[in-house]
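Asker: If it helps, the file is called protein14.txt and holds compact mmCIF, C-alpha atoms and all ligand atoms:
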```
# COMPACT_ATOMS: atom_id res chain seq x y z
CA MET A 1057 -62.10 -129.88 87.60
CA ALA A 1058 -63.28 -128.08 90.74
CA GLY A 1059 -61.61 -129.00 94.00
CA SER A 1060 -63.55 -131.15 96.44
CA GLY A 1061 -61.73 -130.25 99.64
CA GLU A 1062 -64.31 -127.72 100.76
CA LEU A 1063 -67.60 -129.52 100.82
CA LYS A 1064 -69.84 -129.46 103.86
CA LEU A 1065 -73.31 -131.04 103.97
CA LEU A 1066 -75.90 -129.97 106.52
CA GLY A 1067 -78.26 -132.89 106.94
CA ALA A 1068 -80.48 -135.13 109.01
CA TRP A 1069 -79.92 -138.90 108.99
CA THR A 1070 -83.58 -139.71 108.34
CA SER A 1071 -84.17 -137.22 105.53
CA PRO A 1072 -84.84 -138.75 102.08
CA PHE A 1073 -83.64 -135.47 100.59
CA VAL A 1074 -80.32 -135.58 102.42
CA ILE A 1075 -79.81 -139.28 101.70
CA ARG A 1076 -80.04 -138.75 97.93
CA VAL A 1077 -77.30 -136.12 98.10
CA ARG A 1078 -75.07 -138.37 100.21
CA VAL A 1079 -75.48 -141.25 97.75
CA VAL A 1080 -74.36 -138.98 94.91
CA LEU A 1081 -71.37 -137.67 96.88
CA ASN A 1082 -70.41 -141.32 97.47
CA LEU A 1083 -70.94 -142.22 93.80
CA LYS A 1084 -68.58 -139.43 92.84
CA SER A 1085 -66.09 -140.41 95.59
CA LEU A 1086 -66.16 -136.85 96.93
CA PRO A 1087 -64.96 -136.31 100.49
CA TYR A 1088 -67.16 -133.98 102.52
CA GLU A 1089 -67.82 -132.92 106.07
CA TYR A 1090 -71.23 -134.08 107.26
CA VAL A 1091 -73.00 -132.01 109.91
CA GLU A 1092 -76.08 -133.56 111.52
CA GLU A 1093 -78.67 -130.84 112.20
CA ASN A 1094 -81.23 -130.91 114.99
CA LEU A 1095 -84.31 -129.72 113.12
CA ALA A 1096 -86.03 -128.79 116.38
CA SER A 1097 -83.21 -126.33 117.04
CA LYS A 1098 -81.62 -125.36 113.75
CA SER A 1099 -78.06 -124.07 113.65
CA ALA A 1100 -77.25 -120.48 112.73
CA LEU A 1101 -75.32 -121.92 109.78
CA LEU A 1102 -78.44 -123.69 108.45
CA LEU A 1103 -80.70 -120.67 108.96
CA GLY A 1104 -78.14 -118.37 107.36
CA SER A 1105 -77.46 -120.73 104.45
CA ASN A 1106 -81.08 -121.54 103.59
CA PRO A 1107 -83.08 -118.57 104.91
CA VAL A 1108 -85.97 -119.14 102.53
CA ARG A 1109 -86.76 -122.81 103.27
CA LYS A 1110 -84.72 -123.36 106.47
CA SER A 1111 -84.55 -127.03 105.45
CA VAL A 1112 -81.88 -129.66 104.93
CA PRO A 1113 -80.01 -130.59 102.85
CA VAL A 1114 -77.73 -127.64 102.32
CA LEU A 1115 -74.45 -128.19 100.49
CA LEU A 1116 -71.75 -125.64 101.21
CA HIS A 1117 -69.13 -125.54 98.47
CA GLY A 1118 -66.26 -123.32 99.46
CA GLY A 1119 -68.65 -121.71 101.95
CA ARG A 1120 -71.31 -120.94 99.33
CA PRO A 1121 -74.69 -122.64 99.93
CA VAL A 1122 -76.61 -124.69 97.41
CA ASN A 1123 -80.16 -125.55 98.46
CA GLU A 1124 -82.90 -128.02 97.48
CA SER A 1125 -81.87 -131.64 97.09
CA GLN A 1126 -82.63 -132.07 93.38
CA VAL A 1127 -80.77 -128.84 92.65
CA ILE A 1128 -77.84 -129.98 94.79
CA VAL A 1129 -77.64 -133.34 93.03
CA GLN A 1130 -77.58 -131.62 89.63
CA TYR A 1131 -74.98 -129.11 90.86
CA ILE A 1132 -72.68 -131.91 92.04
CA ASP A 1133 -73.17 -133.73 88.75
CA GLU A 1134 -72.23 -130.63 86.73
CA VAL A 1135 -69.24 -129.56 88.81
CA TRP A 1136 -67.66 -132.98 89.26
CA SER A 1137 -67.97 -134.55 85.82
CA GLY A 1138 -65.45 -136.47 83.76
CA ALA A 1139 -64.30 -140.00 83.18
CA ASP A 1140 -63.44 -140.69 86.83
CA ARG A 1141 -66.82 -139.38 88.12
CA PRO A 1142 -69.90 -141.38 87.01
CA SER A 1143 -72.63 -139.11 85.64
CA VAL A 1144 -75.96 -139.07 87.38
CA LEU A 1145 -77.85 -137.30 84.59
CA PRO A 1146 -77.72 -138.52 80.99
CA SER A 1147 -75.62 -136.52 78.49
CA ASP A 1148 -78.44 -136.61 75.93
CA SER A 1149 -80.79 -133.60 76.38
CA TYR A 1150 -83.96 -135.58 75.74
CA GLU A 1151 -83.00 -138.37 78.15
CA ARG A 1152 -82.06 -135.71 80.71
CA ALA A 1153 -85.51 -134.14 80.38
CA VAL A 1154 -87.13 -137.56 80.88
CA ALA A 1155 -85.04 -138.21 84.01
CA ARG A 1156 -85.99 -134.79 85.43
CA PHE A 1157 -89.66 -135.48 84.71
CA TRP A 1158 -89.62 -138.75 86.66
CA ALA A 1159 -87.60 -137.30 89.53
CA ALA A 1160 -90.17 -134.52 89.85
CA TYR A 1161 -92.93 -137.14 89.73
CA VAL A 1162 -91.35 -139.02 92.64
CA ASP A 1163 -91.32 -135.95 94.87
CA ASP A 1164 -94.81 -134.87 93.75
CA LYS A 1165 -96.47 -138.24 94.32
CA VAL A 1166 -94.35 -140.51 96.54
CA GLY A 1167 -93.26 -137.69 98.88
CA PRO A 1168 -96.74 -136.59 100.04
CA ALA A 1169 -97.91 -140.22 100.34
CA TRP A 1170 -94.86 -141.02 102.50
CA LEU A 1171 -95.67 -138.10 104.80
CA ALA A 1172 -99.33 -139.08 104.95
CA ILE A 1173 -98.58 -142.70 105.89
CA LEU A 1174 -96.05 -141.91 108.60
CA PHE A 1175 -96.86 -138.49 109.97
CA LEU A 1176 -100.13 -136.95 108.87
CA SER A 1177 -102.73 -139.72 108.86
CA LYS A 1178 -104.98 -139.63 111.90
CA THR A 1179 -106.83 -142.93 111.35
CA GLU A 1180 -106.12 -146.40 109.95
CA GLU A 1181 -108.31 -145.50 106.95
CA GLU A 1182 -106.25 -142.39 106.21
CA ARG A 1183 -103.03 -144.40 106.49
CA ALA A 1184 -104.42 -147.11 104.16
CA GLU A 1185 -105.39 -144.39 101.69
CA GLY A 1186 -101.82 -143.03 101.85
CA VAL A 1187 -100.46 -146.53 101.20
CA GLU A 1188 -102.72 -146.91 98.16
CA ARG A 1189 -101.57 -143.55 96.80
CA ALA A 1190 -97.93 -144.57 97.26
CA VAL A 1191 -98.51 -147.95 95.60
CA ALA A 1192 -100.34 -146.30 92.67
CA ALA A 1193 -97.40 -143.92 92.16
CA LEU A 1194 -94.98 -146.85 92.40
CA GLU A 1195 -96.99 -148.73 89.75
CA THR A 1196 -96.61 -145.76 87.44
CA LEU A 1197 -92.88 -145.75 88.20
CA GLU A 1198 -92.75 -149.47 87.45
CA GLY A 1199 -93.90 -148.65 83.91
CA ALA A 1200 -91.35 -145.83 83.68
CA PHE A 1201 -88.62 -148.21 84.86
CA ALA A 1202 -89.50 -150.73 82.14
CA ASP A 1203 -89.59 -148.00 79.46
CA CYS A 1204 -86.46 -146.15 80.55
CA THR A 1205 -84.16 -149.02 81.44
CA LYS A 1206 -85.00 -151.67 78.84
CA GLY A 1207 -83.54 -154.36 81.08
CA LYS A 1208 -80.75 -152.33 82.71
CA PRO A 1209 -80.49 -152.54 86.52
CA PHE A 1210 -81.00 -148.83 87.25
CA PHE A 1211 -82.75 -145.78 85.77
CA GLY A 1212 -79.32 -144.23 85.09
CA VAL A 1213 -77.58 -144.73 81.76
CA ASP A 1214 -74.54 -146.54 83.22
CA GLY A 1215 -75.67 -147.34 86.74
CA ILE A 1216 -77.32 -145.40 89.55
CA GLY A 1217 -78.78 -142.20 88.10
CA PHE A 1218 -80.95 -139.19 88.99
CA VAL A 1219 -84.28 -141.00 89.34
CA ASP A 1220 -82.59 -143.80 91.31
CA VAL A 1221 -81.18 -141.47 93.96
CA VAL A 1222 -84.36 -139.41 94.20
CA LEU A 1223 -86.53 -142.52 94.78
CA GLY A 1224 -83.79 -144.37 96.66
CA GLY A 1225 -83.67 -141.63 99.29
CA TYR A 1226 -87.08 -142.81 100.52
CA LEU A 1227 -86.06 -146.46 100.96
CA GLY A 1228 -84.98 -146.02 104.58
CA TRP A 1229 -88.46 -144.88 105.52
CA PHE A 1230 -89.99 -147.62 103.36
CA THR A 1231 -88.29 -150.09 105.75
CA ALA A 1232 -90.26 -148.49 108.58
CA ILE A 1233 -93.48 -148.43 106.57
CA ASP A 1234 -93.03 -152.13 105.70
CA LYS A 1235 -92.92 -152.91 109.41
CA LEU A 1236 -95.86 -150.63 110.19
CA ILE A 1237 -98.16 -152.12 107.56
CA GLY A 1238 -96.85 -155.69 107.75
CA ARG A 1239 -95.94 -156.00 104.06
CA ARG A 1240 -93.58 -154.46 101.53
CA LEU A 1241 -94.65 -151.06 100.21
CA ILE A 1242 -92.74 -151.89 97.02
CA ASP A 1243 -94.87 -154.98 96.53
CA PRO A 1244 -93.09 -157.70 94.49
CA ALA A 1245 -96.49 -158.84 93.16
CA ARG A 1246 -97.58 -155.40 91.90
CA THR A 1247 -94.19 -153.85 91.10
CA PRO A 1248 -91.71 -156.70 90.53
CA LEU A 1249 -89.15 -154.62 88.64
CA LEU A 1250 -89.02 -151.99 91.39
CA ALA A 1251 -88.89 -154.66 94.10
CA ALA A 1252 -85.74 -156.08 92.48
CA TRP A 1253 -84.40 -152.54 91.96
CA GLU A 1254 -84.93 -151.82 95.68
CA GLN A 1255 -82.62 -154.67 96.65
CA ARG A 1256 -79.98 -153.58 94.14
CA PHE A 1257 -80.08 -149.97 95.32
CA ARG A 1258 -79.93 -150.83 99.02
CA THR A 1259 -76.87 -153.02 98.54
CA ALA A 1260 -75.03 -150.66 96.17
CA GLU A 1261 -71.72 -149.43 97.60
CA ALA A 1262 -72.78 -145.76 97.39
CA ALA A 1263 -75.91 -146.42 99.47
CA LYS A 1264 -74.24 -148.44 102.23
CA GLY A 1265 -74.28 -146.71 105.60
CA VAL A 1266 -76.39 -143.90 104.16
CA VAL A 1267 -79.81 -145.47 103.54
CA PRO A 1268 -81.10 -146.41 107.01
CA ASN A 1269 -82.27 -150.03 107.38
CA ASP A 1270 -83.20 -150.19 111.06
CA ALA A 1271 -87.01 -150.02 111.06
CA ASP A 1272 -87.25 -149.88 114.86
CA LYS A 1273 -84.85 -146.94 115.09
CA LEU A 1274 -86.79 -145.05 112.41
CA LEU A 1275 -90.12 -145.79 114.06
CA ALA A 1276 -88.75 -144.61 117.42
CA PHE A 1277 -87.61 -141.41 115.72
CA ARG A 1278 -91.08 -141.06 114.22
CA GLU A 1279 -92.62 -141.33 117.69
CA THR A 1280 -90.49 -138.43 118.92
CA LEU A 1281 -91.59 -136.32 115.95
CA LEU A 1282 -95.25 -137.19 116.39
CA GLY A 1283 -94.99 -136.19 120.02
CA ALA A 1284 -93.40 -132.82 119.28
CA PRO A 1285 -95.22 -129.74 118.02
CA LEU A 1286 -92.71 -129.20 115.22
CA ASP A 1287 -93.41 -127.50 111.92
CA ILE A 1288 -91.06 -129.84 110.12
CA PHE A 1289 -93.64 -131.18 107.72
CA GLN A 1290 -96.83 -129.20 107.50
CA ASN A 1291 -95.25 -126.13 105.92
CA ARG A 1292 -94.67 -127.70 102.58
CA VAL A 1293 -97.00 -130.61 102.17
CA THR A 1294 -100.02 -130.62 99.91
CA LEU A 1295 -102.11 -133.69 100.47
N1 LIG B 1301 -87.80 -129.93 98.76
C1 LIG B 1301 -86.79 -129.99 99.77
C2 LIG B 1301 -87.36 -130.72 100.98
C3 LIG B 1301 -86.40 -130.69 102.15
C4 LIG B 1301 -87.10 -131.06 103.46
O1 LIG B 1301 -88.34 -131.13 103.53
N2 LIG B 1301 -86.30 -131.28 104.50
C5 LIG B 1301 -86.85 -131.52 105.81
C6 LIG B 1301 -86.23 -132.74 106.45
S1 LIG B 1301 -86.82 -134.22 105.66
C7 LIG B 1301 -86.51 -130.32 106.69
O2 LIG B 1301 -85.42 -129.82 106.68
N3 LIG B 1301 -87.50 -129.87 107.47
C8 LIG B 1301 -87.30 -128.80 108.39
C9 LIG B 1301 -88.21 -127.65 108.13
O3 LIG B 1301 -88.81 -127.58 107.04
O4 LIG B 1301 -88.36 -126.81 108.99
C10 LIG B 1301 -85.54 -130.67 99.22
O5 LIG B 1301 -85.70 -131.49 98.30
O6 LIG B 1301 -84.44 -130.36 99.66
```
Could you show the structure in this file as structure tokens?
Answerer:
Amino acid sequence: MAGSGELKLLGAWTSPFVIRVRVVLNLKSLPYEYVEENLASKSALLLGSNPVRKSVPVLLHGGRPVNESQVIVQYIDEVWSGADRPSVLPSDSYERAVARFWAAYVDDKVGPAWLAILFLSKTEEERAEGVERAVAALETLEGAFADCTKGKPFFGVDGIGFVDVVLGGYLGWFTAIDKLIGRRLIDPARTPLLAAWEQRFRTAEAAKGVVPNDADKLLAFRETLLGAPLDIFQNRVTL
């Protein structure tokens, strides 16, 4: 098994993409050095490690960078496998393909809606439209959850898995959205299975201290971003 003494994660505390990696590092009980990046003034290490995207997360393993959160999660799962390290992806090839499909769906559908609601909508109507798009994607995921889990608590085979961490990374910002719109984005009436899943994920040991739950702090952070002419989001978002 590869050594774990040389892991460094470049991140940002609010980033859904960073959070999913941290949850997996916790699940695997891997010690790592966490470096909080200021995305308005990126470090030379970040720019040198991820020159193409210049984004977080970046995982440095023995000094070598791995980029893109879903790639990082799969890398960690492959390198640190075995009986003492719970697997995030299923061992069965077909089930693995299904998990990858739904993880991609989350970032294709929930990700842009999240950005629209919090950062890109200019009017109440545009925000409401973003909320509806998010809820529609969550309804589709509700069906996937029922199909994939057949009564189990998480998408993963034996606990928190790939789709769980990919979707769970957004839950911090969902807390802020809940406060902004005055109701739960993961609506217990429309998506009861996911609403129960949300509570389980938030309280899981691996998510504690990693998934933010302070809506006011997140909304204050959002205000600073909205007030700054940063290119943090518009580069990669297709609405
Ligand atoms: N697809 C990427 C998205 C990463 C991403 O968008 N990170 C944001 C923070 S939430 C970032 O670093 N933005 C800075 C920039 O793009 O300049 C991943 O999954 O890792």
Asker: For ligand LIG 1301 (chain B), return the neighbouring residues as a PyMOL selection string (distance at most 6 Å; all atoms listed in the file).
Answerer: chain A and resi 1071+1073+1095+1110-1113+1124-1126+1287-1288
Asker: Neighbours of stretch 1129-1144 of chain A within 6 Å (only C-alpha atoms; same-chain residues fewer than 2 positions away dropped), as a PyMOL selection string?
Answerer: chain A and resi 1077+1084+1126-1127+1217-1218
Asker: Go through A:Arg1240, A:Lys1064, A:Arg1109, A:Arg1246 and flag the residue nearest A:Glu1089, using all atoms listed in the file for the distances.
Answerer: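 With all atoms listed in the file as the atom set, the closest residue is A:Lys1064.
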Asker: Mind checking which residues fall within 8 Å of stretch 1253-1261 of chain A, counting only C-alpha atoms, ignoring those fewer than 3 positions away in the same chain, and posting them as a list in words?
Answerer: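 Final neighbour list, sorted by chain and number: Pro1209, Phe1210, Ile1216, Asp1220, Gly1224, Leu1227, Ile1242, Leu1249, Leu1250, Lys1264 and Val1267 of chain A.
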Asker: One decimal, in Å: what's the spacing between atom CA of A:Asp1163 and atom CA of A:Ala1193?
Answerer: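 Separating atom CA of A:Asp1163 from atom CA of A:Ala1193 is a distance of 10.4 Å.
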Asker: A:Gly1228, A:Lys1165, A:Leu1083, A:Tyr1090: which is nearest A:Ala1068, counting all atoms listed in the file?
Answerer: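 Residue with the minimum atom-to-atom distance to A:Ala1068: A:Tyr1090.
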Asker: Kindly indicate which residue among A:Thr1070, A:Ser1099, A:Asn1082, A:Ser1147 lies nearest to A:Lys1273, using only C-alpha atoms for the distances.
Answerer: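 For A:Lys1273, the nearest of the candidates is A:Thr1070.
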Asker: Which polymer residues have any atom within 12 Å of an atom of A:Ala1192, counting all atoms listed in the file, with same-chain residues fewer than 6 positions away left out, as JSON, numbers by chain?
Answerer: {"A": [1162, 1165, 1166, 1169, 1185, 1186, 1198, 1199, 1241, 1242, 1243, 1246, 1247]}
Asker: Please measure the separation of atom CA of A:Leu1065 and atom CA of A:Asn1094, giving the value in Å to one decimal.
Answerer: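 Between atom CA of A:Leu1065 and atom CA of A:Asn1094 the gap works out to 13.6 Å.
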Asker: When you draw a straight line from atom CA of A:Val1187 to atom CA of A:Ala1172, how long is it in Å?
Answerer: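 We find that atom CA of A:Val1187 and atom CA of A:Ala1172 lie 8.4 Å from each other.
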